[in-house]
Amino acid sequence: MRNRDSSDAAATGVARSDPGHEHEAALIGRIQSGERELFYELIRPYERRVFVIAFTILRNEQDAEDAAQDAFLKAFKYLAQFRSESRFSTWLIQVAINEARLRQRKSHLEIMRPIVDQENEDGTYTPRDFTDWREIPSEALERKEIRERLVRALGSLAQKYREVFVLRDVEHMSIEDTALALGISAGAVKTRLLRARLMLRDLLSPGLEGIWTSHSQIPKGTKPWS
Amino acid sequence: MVVTCEDVWREISNYFEGDLDPALKLAMEEHFAQCPHCESIRDGMRNVIGLYGDKALFPLPAGFYPRLHDRLADQVEGKRISRRAWLVGVAVTGALAASVVFATALDRFAPQPRSEMSQPARRLPQRLVAIVDGGKMFHAPGCPFMHGKYHMVTPDEAVRKGYSPCTRCMSEALRSAGNVTPDFEGEETASEATAEK
């Protein structure tokens, strides 16, 4: 029934023929030949992504920044071990995830798992019945309370759902690259992505509505985006 | 094709991924038109994907880039040093410079050899040596290289006055450690000869 565009192997082939991938491979070669300053250019497109994935895991800005710095340092140190069969960005995200998880274990954050962590991934999820969802414009993110609400809702998901959701829907990585970065199958990525999206939809429905109607000058019962 | 609500919930994520068979996609869209619950799920999920996909949601902390590049500079550029290491380096350099200045000052007050061509004594003899006023070297009494009236002084005093060891009779003082045995015996003034004996 599925009409998948590509398999993991095909994705790897795409990575090899991607001009961006070739540019990165050339950069890596020059860095390994001694032009070390080019490392800044290599990581520039991924600096934000590494921070965001670390923040997703650690849920603390300072820890996430420290983990991101450590991840970049390790990436530089072990750049010689990078194999160009995969994308540099995927490898870098793997390094960042490992670094954040390591820091998480050290700080014993894993004992503070949200309740939804205990849910069975294979169980069916029944979405709550809200019938008044309409499109919310991105301008809504200019409001701090909206941003905080979104971040808090994401943070309440189990880590396995947060990781998949952030890589795919926040950082727009492909299903295949997300699977590679997390070391899971593409099918598992899709399953977790479905659950994460449905849970966030349910978590945000009443919260966003409350914010809209209680803090704005808009008359109760109307939506600023409608 | 007819789909149920459960089918929609199961495939709704793939619907947004564009990862559906066209017939299933069409059937889901027909279902949305008839089912407000599934329609709200679709709209809600669209909002979730749209809102979280906006980069404004996760701004980087202020000063993130400078701090990152400072942290990387040690490894990548390999030339920056920490503030503590820098301070230690400055302290060591200062101490060395002070030592050089002090040694130079001491050297300024040290006796200058009377002859620029002579070699300094490596080890002084443990007996009196003979010097001649106006001469440049100290000798063992009786050295044929010594001319004029001489008098006996301690080796330290001779060096302090700028005398250097005679290359003929004081070769031992120029070569190695150990007592220097003068090669020649000569006349001594009465008072200084007494002191030597």
# chains A, B, ... in the order shown; residues from 1 in each chain; ligands from 1

$ closest_atom_pairs --of "chain B" --to "chain A" --cutoff "9 Å" --atoms "only C-alpha atoms" --output "CSV"
residue,atom,partner,partner_atom,distance
B:Glu6,CA,A:Thr126,CA,8.3
B:Trp9,CA,A:Thr126,CA,7.7
B:Arg10,CA,A:Leu194,CA,7.7
B:Glu11,CA,A:Leu194,CA,8.2
B:Ile12,CA,A:Leu194,CA,7.5
B:Ser13,CA,A:Leu194,CA,5.2
B:Asn14,CA,A:Lys190,CA,7.8
B:Gly18,CA,A:Asn3,CA,8.5
B:Asp19,CA,A:Asn3,CA,5.6
B:Leu20,CA,A:Arg2,CA,5.2
B:Asp21,CA,A:Asn3,CA,5.4
B:Pro22,CA,A:Asn3,CA,8.5
B:Leu24,CA,A:Met1,CA,7.9
B:Pro36,CA,A:Thr131,CA,6.2
B:His37,CA,A:Asp129,CA,5.8
B:Cys38,CA,A:Asp129,CA,8.5
B:Glu39,CA,A:Thr131,CA,7.7
B:Ser40,CA,A:Thr131,CA,5.0
B:Ile41,CA,A:Pro127,CA,7.3
B:Arg42,CA,A:Trp133,CA,8.9
B:Asp43,CA,A:Trp133,CA,5.9
B:Gly44,CA,A:Arg201,CA,5.5
B:Met45,CA,A:Arg201,CA,5.8
B:Arg46,CA,A:Glu135,CA,7.6
B:Asn47,CA,A:Glu135,CA,5.9
B:Val48,CA,A:Arg201,CA,6.2
B:Ile49,CA,A:Asp169,CA,6.1
B:Gly50,CA,A:Ser138,CA,7.4
B:Leu51,CA,A:Ser138,CA,6.1
B:Tyr52,CA,A:Val170,CA,5.5
B:Gly53,CA,A:Val170,CA,4.5
B:Asp54,CA,A:Val170,CA,7.2
B:Lys55,CA,A:Val170,CA,7.5
B:Ala56,CA,A:Leu141,CA,6.9
B:Leu57,CA,A:Arg147,CA,6.0
B:Phe58,CA,A:Val52,CA,6.9
B:Pro59,CA,A:Arg48,CA,8.3
B:Leu60,CA,A:Arg48,CA,6.7
B:Pro61,CA,A:Glu61,CA,7.6
B:Phe64,CA,A:Glu65,CA,7.5
B:Tyr65,CA,A:Glu47,CA,8.4
B:Arg67,CA,A:Gln69,CA,8.7
B:Leu68,CA,A:Gln69,CA,5.9
B:His69,CA,A:Tyr40,CA,8.1
B:Arg71,CA,A:Gln69,CA,7.1
B:Leu72,CA,A:Leu73,CA,6.4
B:Ala73,CA,A:Glu37,CA,8.9
B:Gln75,CA,A:Leu73,CA,7.5
B:Val76,CA,A:Arg36,CA,5.7
B:Glu77,CA,A:Glu37,CA,6.3

$ residues_around --residues "Tyr150 of chain B" --least-positions-apart "6" --cutoff "7 Å" --atoms "only C-alpha atoms" --output "PDB file with N, CA and C atoms, in the first residue's frame"
ATOM      1  N   ALA B 130     101.967  34.231  41.500  1.00  0.00           N
ATOM      2  CA  ALA B 130     102.773  35.436  41.353  1.00  0.00           C
ATOM      3  C   ALA B 130     102.188  36.363  40.309  1.00  0.00           C
ATOM      4  N   ILE B 131     102.130  37.632  40.633  1.00  0.00           N
ATOM      5  CA  ILE B 131     101.667  38.615  39.647  1.00  0.00           C
ATOM      6  C   ILE B 131     102.692  39.740  39.567  1.00  0.00           C
ATOM      7  N   VAL B 132     102.706  40.369  38.425  1.00  0.00           N
ATOM      8  CA  VAL B 132     103.595  41.509  38.200  1.00  0.00           C
ATOM      9  C   VAL B 132     102.718  42.719  37.937  1.00  0.00           C
TER      10      VAL B 132
END

$ select_by_dssp --residues "segment 40-133 of chain B" --states "helix (DSSP H, G or I)" --output "NGL selection string"
:B and (40-52 or 55-57 or 64-76 or 83-109)

$ residues_around --residues "Ala173 of chain B" --least-positions-apart "4" --cutoff "7 Å" --atoms "only C-alpha atoms" --output "list in words"
Ala121, Arg122, Arg123, Leu124, Pro125, Pro165 and Val180 of chain B

$ write_last_selection --atoms "C-alpha atoms" --output "tab-separated table (two decimals), in the first residue's frame"
chain	number	residue	atom	x	y	z
B	121	ALA	CA	90.71	29.97	34.92
B	122	ARG	CA	88.57	26.89	35.12
B	123	ARG	CA	89.87	25.91	38.49
B	124	LEU	CA	92.13	28.03	40.66
B	125	PRO	CA	95.31	26.62	42.24
B	165	PRO	CA	96.25	32.01	34.23
B	180	VAL	CA	97.96	23.02	40.19

$ residues_around --residues "Glu30 of chain B" --least-positions-apart "2" --cutoff "12 Å" --atoms "only C-alpha atoms" --output "PyMOL selection string"
chain B and resi 1-5+8+23-28+32-36+38-39

$ residues_around --residues "Leu58 of chain A" --least-positions-apart "6" --cutoff "12 Å" --atoms "only C-alpha atoms" --output "list in words"
Phe51, Val52, Ala64, Glu65, Asp66, Ala67, Ala68, Ala96, Ile97, Asn98, Glu99, Ala100, Arg101, Leu102, Arg103, Gln104, Arg105, Lys106, Ser107, His108, Leu109, Glu110, Met112, Arg113, Gly155, Ala158, Gln159, Arg162 and Glu163 of chain A

$ decode --residues "segment 155-170 of chain B" --atoms "N, CA and C atoms" --output "compact mmCIF listing (two decimals), in the first residue's frame"
# COMPACT_ATOMS: atom_id res chain seq x y z
N PRO B 155 95.12 33.19 44.53
CA PRO B 155 94.53 33.11 43.18
C PRO B 155 93.24 33.93 43.04
N ASP B 156 92.41 33.92 44.10
CA ASP B 156 91.16 34.69 44.05
C ASP B 156 91.44 36.18 43.83
N GLU B 157 92.42 36.66 44.56
CA GLU B 157 92.75 38.08 44.44
C GLU B 157 93.28 38.40 43.04
N ALA B 158 94.10 37.46 42.53
CA ALA B 158 94.65 37.67 41.19
C ALA B 158 93.52 37.76 40.15
N VAL B 159 92.57 36.85 40.28
CA VAL B 159 91.44 36.88 39.32
C VAL B 159 90.63 38.15 39.50
N ARG B 160 90.38 38.51 40.76
CA ARG B 160 89.60 39.71 41.04
C ARG B 160 90.25 40.94 40.40
N LYS B 161 91.59 40.93 40.35
CA LYS B 161 92.30 42.08 39.77
C LYS B 161 92.40 41.99 38.25
N GLY B 162 91.84 40.92 37.70
CA GLY B 162 91.80 40.82 36.24
C GLY B 162 92.92 40.00 35.64
N TYR B 163 93.70 39.30 36.45
CA TYR B 163 94.78 38.46 35.91
C TYR B 163 94.19 37.13 35.44
N SER B 164 94.76 36.60 34.41
CA SER B 164 94.35 35.30 33.87
C SER B 164 95.49 34.31 34.07
N PRO B 165 95.17 33.01 34.03
CA PRO B 165 96.25 32.01 34.23
C PRO B 165 97.24 32.05 33.07
N CYS B 166 98.50 31.89 33.40
CA CYS B 166 99.53 31.80 32.38
C CYS B 166 99.37 30.47 31.63
N THR B 167 99.42 30.53 30.34
CA THR B 167 99.20 29.31 29.55
C THR B 167 100.36 28.34 29.67
N ARG B 168 101.49 28.83 30.14
CA ARG B 168 102.67 27.97 30.26
C ARG B 168 102.74 27.28 31.61
N CYS B 169 102.70 28.14 32.67
CA CYS B 169 102.90 27.56 34.00
C CYS B 169 101.60 27.24 34.71
N MET B 170 100.51 27.76 34.24
CA MET B 170 99.23 27.51 34.91
C MET B 170 98.28 26.73 34.00
